[in-house]
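Next up, target19.txt (compact mmCIF, C-alpha atoms and all ligand atoms):
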# COMPACT_ATOMS: atom_id res chain seq x y z
CA MET J 9 59.12 28.63 55.37
CA SER J 10 56.82 26.38 53.31
CA ALA J 11 57.69 22.77 52.48
CA VAL J 12 58.27 23.71 48.86
CA THR J 13 60.67 26.60 49.51
CA SER J 14 62.68 24.63 52.03
CA GLU J 15 63.18 21.69 49.60
CA LEU J 16 64.00 23.67 46.45
CA LYS J 17 66.60 26.39 46.35
CA ARG J 18 65.29 29.39 44.41
CA VAL J 19 67.38 30.82 41.63
CA THR J 20 68.25 34.41 42.55
CA THR J 21 70.38 37.25 41.19
CA HIS J 22 73.06 35.90 43.53
CA SER J 23 72.96 32.35 42.16
CA ILE J 24 72.89 33.64 38.56
CA GLN J 25 76.12 35.56 39.28
CA ALA J 26 77.61 32.48 40.97
CA MET J 27 76.91 30.47 37.80
CA LYS J 28 78.95 32.89 35.70
CA ASN J 29 81.73 32.93 38.30
CA LYS J 30 82.10 29.16 38.21
CA GLY J 31 81.61 28.87 34.42
CA GLU J 32 78.17 27.19 34.56
CA LYS J 33 75.97 28.28 31.64
CA ILE J 34 72.55 29.79 32.44
CA ALA J 35 69.44 28.35 30.74
CA MET J 36 66.53 30.74 30.20
CA LEU J 37 63.23 30.26 28.31
CA THR J 38 60.10 32.34 27.90
CA ALA J 39 56.79 31.48 29.60
CA TYR J 40 53.45 33.23 29.50
CA ASP J 41 51.05 30.80 31.18
CA PHE J 42 50.72 28.52 34.21
CA SER J 43 50.81 25.12 32.48
CA MET J 44 53.93 25.72 30.38
CA ALA J 45 55.71 27.49 33.25
CA ARG J 46 55.09 24.47 35.47
CA ILE J 47 56.64 22.08 32.94
CA LEU J 48 59.69 24.28 32.39
CA ASP J 49 60.22 24.88 36.10
CA GLU J 50 59.95 21.19 36.97
CA ALA J 51 62.43 20.42 34.18
CA GLY J 52 64.95 22.68 35.94
CA ILE J 53 65.09 25.88 33.90
CA ASP J 54 67.11 28.60 35.68
CA ILE J 55 65.22 31.72 34.53
CA LEU J 56 61.71 32.09 33.09
CA LEU J 57 61.23 35.25 31.08
CA VAL J 58 57.70 36.55 30.77
CA GLY J 59 58.72 38.16 27.50
CA ASP J 60 56.80 40.79 25.60
CA SER J 61 57.09 38.21 22.79
CA ALA J 62 53.73 37.18 24.31
CA SER J 63 52.46 39.88 21.96
CA ASN J 64 53.51 37.69 18.99
CA VAL J 65 53.18 34.20 20.42
CA MET J 66 50.07 34.52 22.57
CA ALA J 67 48.14 37.31 20.86
CA GLY J 68 49.26 36.93 17.23
CA HIS J 69 50.50 40.50 16.77
CA GLU J 70 53.20 41.17 14.20
CA THR J 71 55.43 43.00 16.71
CA THR J 72 55.93 43.28 20.46
CA LEU J 73 54.66 46.85 20.50
CA PRO J 74 50.92 46.38 21.18
CA ILE J 75 51.10 44.39 24.44
CA THR J 76 50.10 46.44 27.49
CA LEU J 77 51.37 46.58 31.06
CA ASP J 78 48.10 45.06 32.32
CA GLN J 79 48.47 42.16 29.87
CA MET J 80 52.10 41.57 30.91
CA ILE J 81 51.02 41.50 34.56
CA TYR J 82 48.29 38.95 33.75
CA HIS J 83 50.86 36.66 32.05
CA ALA J 84 53.37 37.18 34.87
CA GLN J 85 50.82 36.28 37.55
CA SER J 86 50.04 33.00 35.76
CA VAL J 87 53.74 32.11 35.51
CA VAL J 88 54.58 33.04 39.10
CA ARG J 89 51.76 30.78 40.36
CA ALA J 90 53.43 27.79 38.66
CA VAL J 91 57.02 28.30 39.62
CA HIS J 92 58.90 26.95 42.65
CA ARG J 93 62.54 27.15 41.64
CA ALA J 94 63.19 29.38 38.61
CA MET J 95 63.74 33.11 38.78
CA VAL J 96 60.89 34.96 37.02
CA VAL J 97 61.87 38.03 35.00
CA VAL J 98 59.18 40.17 33.35
CA ASP J 99 59.57 42.46 30.34
CA LEU J 100 58.52 46.07 30.74
CA PRO J 101 56.39 46.51 27.61
CA PHE J 102 56.80 49.24 25.01
CA GLY J 103 55.56 52.58 26.34
CA SER J 104 55.80 51.64 30.01
CA TYR J 105 59.29 53.06 30.69
CA GLN J 106 60.58 55.22 27.83
CA ALA J 107 58.83 58.52 28.67
CA ASN J 108 60.58 59.20 31.96
CA SER J 109 62.03 57.48 35.01
CA GLU J 110 58.94 58.12 37.15
CA ILE J 111 56.71 56.23 34.72
CA ALA J 112 59.35 53.50 34.46
CA LEU J 113 59.48 53.09 38.24
CA SER J 114 55.72 52.98 38.60
CA SER J 115 55.47 50.32 35.83
CA ALA J 116 58.19 48.20 37.46
CA ILE J 117 56.54 48.52 40.88
CA ARG J 118 53.20 47.40 39.45
CA ILE J 119 54.84 44.30 37.94
CA MET J 120 56.60 43.37 41.17
CA LYS J 121 53.62 44.08 43.46
CA GLU J 122 50.84 42.62 41.33
CA SER J 123 52.60 39.55 39.91
CA GLY J 124 55.12 38.53 42.55
CA ALA J 125 57.88 38.28 39.91
CA HIS J 126 61.52 38.61 40.89
CA ALA J 127 62.98 41.09 38.38
CA VAL J 128 62.19 43.19 35.32
CA LYS J 129 63.87 43.46 31.92
CA LEU J 130 63.92 46.45 29.63
CA GLU J 131 65.49 47.29 26.29
CA GLY J 132 68.19 49.86 25.58
CA GLY J 133 71.41 51.40 26.89
CA SER J 134 72.27 55.03 27.67
CA GLU J 135 68.83 56.16 26.38
CA VAL J 136 67.12 54.48 29.35
CA GLU J 137 69.85 55.00 31.95
CA GLU J 138 67.76 57.23 34.23
CA SER J 139 64.81 54.84 34.16
CA ILE J 140 67.00 51.86 35.07
CA LYS J 141 68.70 53.79 37.88
CA ARG J 142 65.36 54.78 39.38
CA ILE J 143 64.03 51.20 39.26
CA LEU J 144 67.23 49.88 40.83
CA MET J 145 67.05 52.51 43.58
CA ALA J 146 63.69 51.01 44.56
CA GLY J 147 65.41 47.65 45.07
CA ILE J 148 64.06 46.01 41.91
CA PRO J 149 66.62 43.90 39.99
CA VAL J 150 66.96 44.87 36.33
CA MET J 151 68.08 42.72 33.39
CA GLY J 152 69.25 44.79 30.40
CA HIS J 153 68.70 43.95 26.72
CA LEU J 154 70.98 45.12 23.88
CA GLY J 155 71.48 44.31 20.19
CA LEU J 156 68.32 43.58 18.24
CA THR J 157 65.80 45.14 20.62
CA PRO J 158 62.41 44.26 19.09
CA GLN J 159 60.59 47.27 20.59
CA SER J 160 62.72 49.40 18.20
CA ILE J 161 61.92 47.33 15.12
CA TYR J 162 60.44 50.25 13.21
CA LYS J 163 63.63 52.24 13.81
CA PHE J 164 65.82 49.32 12.59
CA GLY J 165 63.46 48.49 9.71
CA THR J 166 64.77 44.89 9.66
CA TYR J 167 65.22 41.87 11.94
CA SER J 168 68.73 41.23 10.62
CA VAL J 169 71.89 40.94 12.76
CA ARG J 170 72.82 44.13 14.68
CA ALA J 171 76.20 45.66 15.51
CA LYS J 172 78.07 44.28 12.51
CA GLU J 173 79.49 47.76 11.87
CA GLU J 174 82.18 49.14 14.17
CA ALA J 175 80.24 52.19 15.37
CA GLU J 176 77.23 50.14 16.51
CA ALA J 177 79.50 47.51 18.07
CA GLU J 178 81.38 50.22 20.02
CA LYS J 179 78.09 51.72 21.24
CA LEU J 180 76.92 48.25 22.33
CA LEU J 181 80.17 47.64 24.23
CA SER J 182 79.90 50.96 26.05
CA ASP J 183 76.17 50.45 26.78
CA ALA J 184 76.96 47.00 28.22
CA GLN J 185 79.58 48.55 30.51
CA LEU J 186 77.15 51.29 31.52
CA LEU J 187 74.38 48.80 32.36
CA GLN J 188 76.79 46.84 34.53
CA ASN J 189 78.10 49.99 36.24
CA ILE J 190 74.65 51.27 37.17
CA GLY J 191 73.72 47.88 38.65
CA CYS J 192 71.94 45.58 36.15
CA PHE J 193 72.35 41.97 37.29
CA ALA J 194 72.44 40.45 33.78
CA LEU J 195 72.19 41.37 30.13
CA VAL J 196 70.38 39.84 27.16
CA LEU J 197 72.31 40.12 23.88
CA GLU J 198 70.06 39.54 20.88
CA LYS J 199 71.20 38.74 17.34
CA ILE J 200 74.72 40.12 17.30
CA PRO J 201 77.94 38.57 15.95
CA ALA J 202 79.40 35.78 18.12
CA THR J 203 82.76 37.56 18.28
CA LEU J 204 81.12 40.66 19.77
CA THR J 205 79.25 38.52 22.32
CA GLU J 206 82.58 37.02 23.35
CA LYS J 207 84.12 40.47 23.77
CA VAL J 208 81.17 41.75 25.84
CA SER J 209 80.94 38.61 27.98
CA LYS J 210 84.67 38.66 28.75
CA SER J 211 84.65 42.38 29.57
CA LEU J 212 81.71 42.15 31.99
CA GLU J 213 81.49 40.62 35.44
CA ILE J 214 77.69 40.23 35.20
CA PRO J 215 76.30 37.37 33.06
CA THR J 216 75.25 37.80 29.45
CA ILE J 217 72.38 35.71 28.07
CA GLY J 218 72.33 35.35 24.31
CA ILE J 219 69.69 34.73 21.66
CA GLY J 220 71.18 34.43 18.20
CA ALA J 221 74.40 35.73 19.77
CA GLY J 222 76.59 32.60 19.67
CA VAL J 223 78.11 30.21 22.15
CA HIS J 224 80.21 32.70 24.11
CA ALA J 225 77.34 34.22 26.08
CA ASP J 226 77.16 33.13 29.72
CA GLY J 227 73.69 31.70 29.07
CA GLN J 228 71.14 31.15 26.32
CA VAL J 229 67.47 32.09 25.90
CA LEU J 230 64.90 30.98 23.34
CA VAL J 231 61.20 31.65 22.95
CA THR J 232 59.72 28.37 24.23
CA HIS J 233 57.10 28.15 21.48
CA ASP J 234 59.92 28.32 18.89
CA MET J 235 62.04 25.78 20.80
CA VAL J 236 59.23 23.19 20.89
CA GLY J 237 58.06 23.89 17.33
CA ILE J 238 54.63 25.36 18.04
CA THR J 239 55.39 28.45 15.96
CA LYS J 240 55.39 27.16 12.42
CA ASP J 241 57.08 29.44 9.95
CA PHE J 242 59.70 31.12 12.16
CA LYS J 243 62.98 29.41 11.26
CA PRO J 244 65.95 31.73 11.87
CA ARG J 245 69.45 30.24 11.75
CA PHE J 246 69.93 30.58 15.51
CA LEU J 247 66.85 28.53 16.42
CA ARG J 248 67.19 24.88 17.40
CA ARG J 249 63.85 23.06 17.55
CA TYR J 250 63.74 20.29 20.14
CA LEU J 251 60.20 19.20 19.18
CA GLU J 252 57.82 19.65 16.25
CA LEU J 253 54.66 20.28 18.27
CA PHE J 254 52.76 22.04 15.48
CA GLU J 255 52.67 18.72 13.60
CA SER J 256 52.19 16.55 16.73
CA ILE J 257 49.28 18.62 18.05
CA GLY J 258 47.79 18.74 14.54
CA ASP J 259 48.04 14.92 14.29
CA ALA J 260 46.41 14.49 17.72
CA THR J 261 43.63 16.88 16.74
CA ARG J 262 42.99 15.02 13.47
CA SER J 263 42.80 11.71 15.39
CA TYR J 264 40.39 13.24 17.91
CA ILE J 265 38.14 14.64 15.16
CA ALA J 266 38.11 11.26 13.40
CA ASP J 267 37.26 9.42 16.66
CA VAL J 268 34.43 11.85 17.48
CA LYS J 269 32.95 11.58 13.97
CA ALA J 270 33.20 7.77 14.03
CA GLN J 271 31.75 7.59 17.56
CA GLN J 272 35.00 5.97 18.74
CA PHE J 273 35.26 8.56 21.49
CA PRO J 274 34.23 8.31 24.25
CA SER J 275 34.42 4.53 24.81
CA ASP J 276 32.49 2.60 27.47
CA LYS J 277 35.36 3.15 29.88
CA GLU J 278 35.36 6.89 29.26
CA GLN J 279 31.80 7.54 30.32
CA TYR J 280 29.74 7.39 33.56
O1 LIG H 301 60.34 38.94 24.71
C1 LIG H 301 61.18 38.04 24.59
O2 LIG H 301 60.87 36.86 24.36
C2 LIG H 301 62.59 38.40 24.71
C3 LIG H 301 63.61 37.34 24.42
C4 LIG H 301 63.66 37.04 22.98
C5 LIG H 301 64.93 37.66 24.96
O3 LIG H 301 62.90 39.50 25.01

Show how you would write the structure in this file as structure tokens.
Amino acid sequence: MSAVTSELKRVTTHSIQAMKNKGEKIAMLTAYDFSMARILDEAGIDILLVGDSASNVMAGHETTLPITLDQMIYHAQSVVRAVHRAMVVVDLPFGSYQANSEIALSSAIRIMKESGAHAVKLEGGSEVEESIKRILMAGIPVMGHLGLTPQSIYKFGTYSVRAKEEAEAEKLLSDAQLLQNIGCFALVLEKIPATLTEKVSKSLEIPTIGIGAGVHADGQVLVTHDMVGITKDFKPRFLRRYLELFESIGDATRSYIADVKAQQFPSDKEQY
């Protein structure tokens, strides 16, 4: 055992479950690169999600649909290299698991083998049951994702709150139960009413992790770039910004430009 692993206790599926059992909330954030992952891990985050939101945040696409399996593996490798304590969960990107369970398994195996991550996440309920079962049979932990599942954005046609109507709420409740029964270790609930989150979280033994899903989830997740204010115009009601980095980095850049132009940088002490 290396010095690092013996000093720091890794977060695992087991410890995530223990947190729910003792009422400790789970803190999850996204990460796509080494430097950010290192900061978040050292700060004590429980789970780092290499989300397919990298498609928006890192690559500037409008949706999560274009990102590829190879690109997700590249981001996951960078995150895994930085992390000593957090559990690293990686999104299976759009198109890498929907066709059939064989494709799903081979995508999940590639992520685990090539990145060294600890689990995968994929979107959907009964529609992807066979794929999830097959991945779980290979010993790979799976986190589910219900509610506003961004890979289905063109089917929804809107980013507004899901499962407000009874039929969709009932389907979500039964999908949540199904995902638990087949062996998912946790479940992301995105943009659903807080009362429904409470119902799901109370009815399940496995932890729920909410985004825009209210306080009753067993944990919370945000896209890190939203949380630290790097993304500028994305201001949904559920988002709390802990920093305004777009402005801070802009100010630093303006100071740097001014110093370079005025020959104030580098100084005598900053040269050889
Ligand atoms: O890709 C992502 O960032 C996600 C979270 C919003 C849960 O799936």

Skip Gln188 in chain J itself and residues of its chain fewer than 6 positions away, then list as a PDB file with C-alpha atoms, keeping the file's coordinate frame all residues within 8 Å of it, counting only C-alpha atoms.
ATOM      1  CA  ALA J 194      72.440  40.450  33.780  1.00  0.00           C
ATOM      2  CA  LEU J 212      81.710  42.150  31.990  1.00  0.00           C
ATOM      3  CA  GLU J 213      81.490  40.620  35.440  1.00  0.00           C
ATOM      4  CA  ILE J 214      77.690  40.230  35.200  1.00  0.00           C
TER       5      ILE J 214
END

Using all atoms listed in the file, which residues of chain J come within 6 Å of ligand LIG 301 (chain H), and what is the closest atom pair for each, with the distance in Å to one decimal? Give it as CSV, sorted by chain and residue number.
residue,atom,partner,partner_atom,distance
J:Thr38,CA,H:LIG301,O2,5.8
J:Gly59,CA,H:LIG301,O1,3.3
J:Asp60,CA,H:LIG301,O1,4.1
J:Ser61,CA,H:LIG301,O1,3.8
J:Val231,CA,H:LIG301,O2,5.4

Close residues, Lys141 in chain J itself excluded, 12 Å, all atoms listed in the file, min 2 positions apart in chain, as a PyMOL selection string: chain J and resi 105+108-110+112-113+116+133-139+143-152+186-192

Tell me, in Å to one decimal, how far CA of Glu176 in chain J is from CA of Pro201 in chain J. 11.6 Å

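For His126 in chain J, the list of residues within 9 Å, based on all atoms listed in the file and with local chain neighbours fewer than 4 positions off taken out, reads Thr20, Thr21, Met95, Val96, Val97, Val98, Met120, Ile148 and Pro149 of chain J.
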
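Coordinates place CA of Tyr40 in chain J at a distance of 15.8 Å from CA of Pro74 in chain J.
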
Just the number, please: distance in Å from CA of Glu178 in chain J to CA of Lys129 in chain J, one decimal. 22.2 Å

Using all atoms listed in the file, the residue out of J:Glu278, J:Asp234, J:Asp54, J:Glu173 with shortest distance to Gln25 in chain J is J:Asp54

With 5 Å of padding per side, what axis-aligned box (centre and edge lengths, Å, one decimal) covers all the listed atoms of range 265-276 of chain J? Give it as JSON.
{"center_x": 34.9, "center_y": 8.6, "center_z": 20.4, "size_x": 16.4, "size_y": 22.0, "size_z": 24.1}

Do you have, as a Markdown table, the list of residues of range 86-180 of chain J lying at most 12 Å from range 241-263 of chain J, each with its nearest atom pair and that distance in Å to one decimal, counting all atoms listed in the file and ordered by chain then number?
| residue | atom | partner | partner_atom | distance |
| --- | --- | --- | --- | --- |
| J:Tyr167 | CA | J:Pro244 | CA | 10.2 |
| J:Ser168 | CA | J:Pro244 | CA | 10.0 |
| J:Val169 | CA | J:Phe246 | CA | 10.9 |

Would you be able to write out as number ranges by chain which residues have an atom within 9 Å of (79.5, 39.1, 25.8) in the file's coordinates, counting all atoms listed in the file? J: 181, 184, 195, 197, 202-212, 215-218, 221, 224-226

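You can rank J:Ser63, J:Thr166, J:Ser123, J:Ser115 by their closest distance to Ile81 in chain J using all atoms listed in the file, and at the top of that list sits J:Ser123.
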
Report as a VMD selection string all protein, DNA and RNA residues lying within 12 Å of Val58 in chain J, evaluated on only C-alpha atoms, omitting residues in the same chain fewer than 3 positions from it. chain J and resid 36 to 42 44 to 45 55 61 to 63 65 to 66 77 79 to 88 94 to 101 119 123 125 to 130 229 to 232

Filtering to C-alpha atoms, could you give me those residues as a PDB file, in the frame of the given file?
ATOM      1  CA  MET J  36      66.530  30.740  30.200  1.00  0.00           C
ATOM      2  CA  LEU J  37      63.230  30.260  28.310  1.00  0.00           C
ATOM      3  CA  THR J  38      60.100  32.340  27.900  1.00  0.00           C
ATOM      4  CA  ALA J  39      56.790  31.480  29.600  1.00  0.00           C
ATOM      5  CA  TYR J  40      53.450  33.230  29.500  1.00  0.00           C
ATOM      6  CA  ASP J  41      51.050  30.800  31.180  1.00  0.00           C
ATOM      7  CA  PHE J  42      50.720  28.520  34.210  1.00  0.00           C
ATOM      8  CA  MET J  44      53.930  25.720  30.380  1.00  0.00           C
ATOM      9  CA  ALA J  45      55.710  27.490  33.250  1.00  0.00           C
ATOM     10  CA  ILE J  55      65.220  31.720  34.530  1.00  0.00           C
ATOM     11  CA  SER J  61      57.090  38.210  22.790  1.00  0.00           C
ATOM     12  CA  ALA J  62      53.730  37.180  24.310  1.00  0.00           C
ATOM     13  CA  SER J  63      52.460  39.880  21.960  1.00  0.00           C
ATOM     14  CA  VAL J  65      53.180  34.200  20.420  1.00  0.00           C
ATOM     15  CA  MET J  66      50.070  34.520  22.570  1.00  0.00           C
ATOM     16  CA  LEU J  77      51.370  46.580  31.060  1.00  0.00           C
ATOM     17  CA  GLN J  79      48.470  42.160  29.870  1.00  0.00           C
ATOM     18  CA  MET J  80      52.100  41.570  30.910  1.00  0.00           C
ATOM     19  CA  ILE J  81      51.020  41.500  34.560  1.00  0.00           C
ATOM     20  CA  TYR J  82      48.290  38.950  33.750  1.00  0.00           C
ATOM     21  CA  HIS J  83      50.860  36.660  32.050  1.00  0.00           C
ATOM     22  CA  ALA J  84      53.370  37.180  34.870  1.00  0.00           C
ATOM     23  CA  GLN J  85      50.820  36.280  37.550  1.00  0.00           C
ATOM     24  CA  SER J  86      50.040  33.000  35.760  1.00  0.00           C
ATOM     25  CA  VAL J  87      53.740  32.110  35.510  1.00  0.00           C
ATOM     26  CA  VAL J  88      54.580  33.040  39.100  1.00  0.00           C
ATOM     27  CA  ALA J  94      63.190  29.380  38.610  1.00  0.00           C
ATOM     28  CA  MET J  95      63.740  33.110  38.780  1.00  0.00           C
ATOM     29  CA  VAL J  96      60.890  34.960  37.020  1.00  0.00           C
ATOM     30  CA  VAL J  97      61.870  38.030  35.000  1.00  0.00           C
ATOM     31  CA  VAL J  98      59.180  40.170  33.350  1.00  0.00           C
ATOM     32  CA  ASP J  99      59.570  42.460  30.340  1.00  0.00           C
ATOM     33  CA  LEU J 100      58.520  46.070  30.740  1.00  0.00           C
ATOM     34  CA  PRO J 101      56.390  46.510  27.610  1.00  0.00           C
ATOM     35  CA  ILE J 119      54.840  44.300  37.940  1.00  0.00           C
ATOM     36  CA  SER J 123      52.600  39.550  39.910  1.00  0.00           C
ATOM     37  CA  ALA J 125      57.880  38.280  39.910  1.00  0.00           C
ATOM     38  CA  HIS J 126      61.520  38.610  40.890  1.00  0.00           C
ATOM     39  CA  ALA J 127      62.980  41.090  38.380  1.00  0.00           C
ATOM     40  CA  VAL J 128      62.190  43.190  35.320  1.00  0.00           C
ATOM     41  CA  LYS J 129      63.870  43.460  31.920  1.00  0.00           C
ATOM     42  CA  LEU J 130      63.920  46.450  29.630  1.00  0.00           C
ATOM     43  CA  VAL J 229      67.470  32.090  25.900  1.00  0.00           C
ATOM     44  CA  LEU J 230      64.900  30.980  23.340  1.00  0.00           C
ATOM     45  CA  VAL J 231      61.200  31.650  22.950  1.00  0.00           C
ATOM     46  CA  THR J 232      59.720  28.370  24.230  1.00  0.00           C
TER      47      THR J 232
END

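For the set J:Ile24, J:Ile140, J:Val91, J:Leu73, the residue with the smallest atom-to-atom gap to Pro158 in chain J is J:Leu73, counting only C-alpha atoms.
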
Could you check which of J:Gly155, J:Gly222, J:Gly227, J:Pro274 is closest to Glu32 in chain J, using only C-alpha atoms? J:Gly227

Using only C-alpha atoms, which of the listed residues (J:Ser275, J:Thr72, J:Gln228, J:Gln106) sits closest to Lys33 in chain J? J:Gln228
